[in-house]
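Chemist: I have a structure I would like to understand better, so I am pasting it below and will then ask my questions one at a time.
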Amino acid sequence: MKTDKTDVLVIGAGPAGTVAASIIKKAGFTVRIVEKMKFPRFVIGESLLPRCMEALEEAGFLDAVKEKGFQEKFGAKFVKNGKVCDYFFADQFTPGWSWTWQVPRGEFDKTLADCCEKMDIPVSYETTVTGIEFNGTDSVTTVEDINGNKSQIEARFIVDGSGYGRVIPRLFNMDRPSNLPPRKALFTHVVDVNRTMDDEPNRITIIVHKKGIWIWVIPFSNGKTSVGFVGEPTFFDATNGLTPEEQLRALIATEPYLAERMKHVEFV
């Protein structure tokens, strides 16, 4: 079986994994990334916070992200029963970034991973971690590519950036259920043809739909907008039997502002 060696193995090519890999590489260590999925891929978590800019800057990713022309984000608007609560990142009590981005994650994550490859950090896509053996902090990780070829990676340290994949916790039976109440989301991207009806068409809006249920509206610079409902799983039972698009359109129709904003939009 083929064996490669590196100082640090990073599991996952999302923002956590790529930022970690870049910082490790800049510190003078060898590093490589293995990623289960093929990029670009769809994932939610599309509205960044200013503290993210510090990590992107330290990793050396800022210029590459700026070149993509993502929607700039200077704050957030929360709406409940017609009342608005505004937050502006420039209203701060300590020094720091006063803006960030709203991003389609497929393109954003691929941009960061491409930066790593330009730094000569190998990124192996469609490669699954199937086993890890530890000897202190040293490790031997077995991976399998999409064609079923297995190989091993010897590393002094491992960074698990797999997110909800939780690779190491699952392999070593450390995975534990959350003690937080369960939540479900139903979401999509739409071609936002009615965006100009809003007085702030490019700003993220969070709507409190009813107790325990909220909606996100995240406009992107490409003319699309991410829309999603989040809440207790039982909230969605009323639309059981419908297709996901029918469910989402039915829910959108129950929120007056959103119903008008999303009238005749195309789901993508």
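Chains: A, B, ... in order of the structure tokens. Residues: from 1 per chain. Ligands: from 1, in order shown.
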So which residues touch segment 59-73 of chain A within 8 Å, counting only C-alpha atoms, skipping near sequence neighbours fewer than 4 positions away, as a PyMOL selection string?

Modeler: chain A and resi 19-20+22-23+53+55+99-103+108+111-112+115+202-204+219-222

Chemist: Keeping C-alpha atoms, export the residues of the selection given above as a PDB file, in the first residue's frame.

Modeler:
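See out-v1.pdb below for the written result:
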```
ATOM      1  CA  VAL A  19      -7.274  28.152   7.063  1.00  0.00           C
ATOM      2  CA  ALA A  20      -5.514  25.740   9.422  1.00  0.00           C
ATOM      3  CA  SER A  22      -2.344  27.594   5.295  1.00  0.00           C
ATOM      4  CA  ILE A  23      -1.252  28.807   8.717  1.00  0.00           C
ATOM      5  CA  MET A  53     -11.812  38.182   8.403  1.00  0.00           C
ATOM      6  CA  ALA A  55      -8.617  34.150  10.121  1.00  0.00           C
ATOM      7  CA  TRP A  99     -17.510  44.332   7.434  1.00  0.00           C
ATOM      8  CA  THR A 100     -17.402  40.860   5.939  1.00  0.00           C
ATOM      9  CA  TRP A 101     -19.133  38.897   3.129  1.00  0.00           C
ATOM     10  CA  GLN A 102     -22.239  36.939   2.205  1.00  0.00           C
ATOM     11  CA  VAL A 103     -21.048  34.020   0.081  1.00  0.00           C
ATOM     12  CA  PHE A 108     -16.160  30.465  -1.401  1.00  0.00           C
ATOM     13  CA  THR A 111     -11.532  29.629  -3.538  1.00  0.00           C
ATOM     14  CA  LEU A 112      -9.860  28.867  -0.200  1.00  0.00           C
ATOM     15  CA  CYS A 115      -5.330  29.092  -2.466  1.00  0.00           C
ATOM     16  CA  ASN A 202     -28.236  43.491  -0.470  1.00  0.00           C
ATOM     17  CA  ARG A 203     -28.467  43.177   3.299  1.00  0.00           C
ATOM     18  CA  ILE A 204     -29.051  39.992   5.261  1.00  0.00           C
ATOM     19  CA  PRO A 219     -28.632  38.083  -0.908  1.00  0.00           C
ATOM     20  CA  PHE A 220     -25.556  37.267  -2.982  1.00  0.00           C
ATOM     21  CA  SER A 221     -23.793  39.489  -5.500  1.00  0.00           C
ATOM     22  CA  ASN A 222     -24.622  37.063  -8.338  1.00  0.00           C
TER      23      ASN A 222
END
```

Chemist: I'd like the contact shell of segment 77-89 of chain A - 12 Å cut-off, only C-alpha atoms, skipping same-chain residues fewer than 2 positions apart - returned as an MDAnalysis selection string.

Modeler: chainID A and resid 48:51 72:75 91:101 199:211 213:218 255:258

Chemist: Based on the selection just made, write C-alpha atoms of those residues as a PDB file, in the first residue's frame.

Modeler:
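Okay, this is what ended up in result_1.pdb:
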```
ATOM      1  CA  LEU A  48     -19.862  35.434   7.608  1.00  0.00           C
ATOM      2  CA  LEU A  49     -19.028  37.442  10.717  1.00  0.00           C
ATOM      3  CA  PRO A  50     -16.238  40.042  10.966  1.00  0.00           C
ATOM      4  CA  ARG A  51     -14.081  37.809  13.158  1.00  0.00           C
ATOM      5  CA  GLU A  72     -20.155  42.829   1.174  1.00  0.00           C
ATOM      6  CA  LYS A  73     -21.923  42.676   4.533  1.00  0.00           C
ATOM      7  CA  PHE A  74     -21.849  45.581   6.983  1.00  0.00           C
ATOM      8  CA  GLY A  75     -24.386  44.354   9.513  1.00  0.00           C
ATOM      9  CA  ASP A  91     -20.734  50.182  16.012  1.00  0.00           C
ATOM     10  CA  GLN A  92     -18.027  48.440  17.984  1.00  0.00           C
ATOM     11  CA  PHE A  93     -16.302  48.957  21.309  1.00  0.00           C
ATOM     12  CA  THR A  94     -12.997  47.307  20.393  1.00  0.00           C
ATOM     13  CA  PRO A  95     -10.835  47.479  17.256  1.00  0.00           C
ATOM     14  CA  GLY A  96     -11.681  45.016  14.520  1.00  0.00           C
ATOM     15  CA  TRP A  97     -13.177  44.458  11.110  1.00  0.00           C
ATOM     16  CA  SER A  98     -16.349  46.438  10.391  1.00  0.00           C
ATOM     17  CA  TRP A  99     -17.510  44.332   7.434  1.00  0.00           C
ATOM     18  CA  THR A 100     -17.402  40.860   5.939  1.00  0.00           C
ATOM     19  CA  TRP A 101     -19.133  38.897   3.129  1.00  0.00           C
ATOM     20  CA  ASP A 199     -35.074  49.318   0.706  1.00  0.00           C
ATOM     21  CA  GLU A 200     -31.848  47.431   1.534  1.00  0.00           C
ATOM     22  CA  PRO A 201     -31.705  44.831  -1.236  1.00  0.00           C
ATOM     23  CA  ASN A 202     -28.236  43.491  -0.470  1.00  0.00           C
ATOM     24  CA  ARG A 203     -28.467  43.177   3.299  1.00  0.00           C
ATOM     25  CA  ILE A 204     -29.051  39.992   5.261  1.00  0.00           C
ATOM     26  CA  THR A 205     -32.446  39.930   6.969  1.00  0.00           C
ATOM     27  CA  ILE A 206     -33.477  37.594   9.764  1.00  0.00           C
ATOM     28  CA  ILE A 207     -37.239  37.318  10.307  1.00  0.00           C
ATOM     29  CA  VAL A 208     -38.820  35.921  13.475  1.00  0.00           C
ATOM     30  CA  HIS A 209     -41.706  34.014  11.906  1.00  0.00           C
ATOM     31  CA  LYS A 210     -43.238  32.777  15.137  1.00  0.00           C
ATOM     32  CA  LYS A 211     -41.951  31.552  18.480  1.00  0.00           C
ATOM     33  CA  ILE A 213     -39.195  29.654  14.064  1.00  0.00           C
ATOM     34  CA  TRP A 214     -36.985  32.053  12.106  1.00  0.00           C
ATOM     35  CA  ILE A 215     -36.184  32.779   8.473  1.00  0.00           C
ATOM     36  CA  TRP A 216     -32.963  33.851   6.808  1.00  0.00           C
ATOM     37  CA  VAL A 217     -32.777  35.948   3.649  1.00  0.00           C
ATOM     38  CA  ILE A 218     -29.184  36.227   2.399  1.00  0.00           C
ATOM     39  CA  GLU A 255     -44.945  35.396   5.765  1.00  0.00           C
ATOM     40  CA  PRO A 256     -46.349  38.568   4.084  1.00  0.00           C
ATOM     41  CA  TYR A 257     -43.081  40.355   3.298  1.00  0.00           C
ATOM     42  CA  LEU A 258     -41.440  37.193   2.064  1.00  0.00           C
TER      43      LEU A 258
END
```

Chemist: Which residue gives the smallest distance to Asp192 of chain A among A:Lys2, A:Arg261, A:Arg166, A:Lys26, with only C-alpha atoms counted?

Modeler: A:Arg261

Chemist: Taking the DSSP assignment computed from this structure's backbone, write out as a ChimeraX atom specification all residues of segment 163-231 of chain A that belong to strand (DSSP E).

Modeler: /A:184-191,205-210,213-219,224-231

Chemist: Between A:Ile24, A:Val31, A:Ala76, A:Ile44, which is the closest to Glu58 of chain A once you count only C-alpha atoms?

Modeler: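 Under the stated criterion, the closest residue is A:Ile24.
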
Chemist: Rounded to one decimal in Å, what is the spacing between atom CA of Gly131 of chain A and atom CA of Lys5 of chain A?

Modeler: 16.0 Å

Chemist: One decimal, in Å: what's the spacing between atom CA of Glu144 of chain A and atom CA of Arg156 of chain A?

Modeler: 20.1 Å

Chemist: Would you mind reading off the distance between atom CA of Asp109 of chain A and atom CA of Gly45 of chain A, one decimal, in Å?

Modeler: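 Between these atoms lies a distance of 11.0 Å.
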
Chemist: Looking only at the backbone, which of the residues in segment 52-211 of chain A does DSSP tag as alpha helix (DSSP H), as a PDB file with C-alpha atoms, in the first residue's frame?

Modeler:
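And here's part.pdb as it stands now:
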```pdb
ATOM      1  CA  CYS A  52     -13.806  35.465  10.154  1.00  0.00           C
ATOM      2  CA  MET A  53     -11.812  38.182   8.403  1.00  0.00           C
ATOM      3  CA  GLU A  54      -9.024  37.845  10.944  1.00  0.00           C
ATOM      4  CA  ALA A  55      -8.617  34.150  10.121  1.00  0.00           C
ATOM      5  CA  LEU A  56      -8.789  34.771   6.363  1.00  0.00           C
ATOM      6  CA  GLU A  57      -6.177  37.502   6.698  1.00  0.00           C
ATOM      7  CA  GLU A  58      -3.809  35.357   8.760  1.00  0.00           C
ATOM      8  CA  ALA A  59      -4.150  32.543   6.239  1.00  0.00           C
ATOM      9  CA  LEU A  62      -8.187  37.874   1.648  1.00  0.00           C
ATOM     10  CA  ASP A  63      -6.991  39.021  -1.781  1.00  0.00           C
ATOM     11  CA  ALA A  64      -8.290  35.883  -3.490  1.00  0.00           C
ATOM     12  CA  VAL A  65     -11.692  36.240  -1.824  1.00  0.00           C
ATOM     13  CA  LYS A  66     -11.915  39.951  -2.698  1.00  0.00           C
ATOM     14  CA  GLU A  67     -11.304  39.112  -6.344  1.00  0.00           C
ATOM     15  CA  ARG A 105     -20.304  28.477   0.005  1.00  0.00           C
ATOM     16  CA  GLY A 106     -19.503  26.257  -2.966  1.00  0.00           C
ATOM     17  CA  GLU A 107     -17.553  29.054  -4.650  1.00  0.00           C
ATOM     18  CA  PHE A 108     -16.160  30.465  -1.401  1.00  0.00           C
ATOM     19  CA  ASP A 109     -14.820  27.151  -0.115  1.00  0.00           C
ATOM     20  CA  LYS A 110     -13.334  26.267  -3.511  1.00  0.00           C
ATOM     21  CA  THR A 111     -11.532  29.629  -3.538  1.00  0.00           C
ATOM     22  CA  LEU A 112      -9.860  28.867  -0.200  1.00  0.00           C
ATOM     23  CA  ALA A 113      -8.915  25.345  -1.269  1.00  0.00           C
ATOM     24  CA  ASP A 114      -7.447  26.681  -4.523  1.00  0.00           C
ATOM     25  CA  CYS A 115      -5.330  29.092  -2.466  1.00  0.00           C
ATOM     26  CA  CYS A 116      -3.929  26.147  -0.544  1.00  0.00           C
ATOM     27  CA  GLU A 117      -3.001  24.313  -3.734  1.00  0.00           C
ATOM     28  CA  LYS A 118      -1.230  27.435  -4.996  1.00  0.00           C
ATOM     29  CA  VAL A 167     -14.401  12.029  11.456  1.00  0.00           C
ATOM     30  CA  ILE A 168     -12.237  11.432  14.533  1.00  0.00           C
ATOM     31  CA  PRO A 169     -15.132  11.361  17.050  1.00  0.00           C
ATOM     32  CA  ARG A 170     -16.949   8.786  14.927  1.00  0.00           C
ATOM     33  CA  LEU A 171     -13.890   6.612  14.334  1.00  0.00           C
TER      34      LEU A 171
END
```

Chemist: Pick from A:Thr30, A:Ala21, A:Glu154, A:Pro40: nearest to Thr3 of chain A, with only C-alpha atoms counted?

Modeler: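 Closest candidate: A:Glu154.
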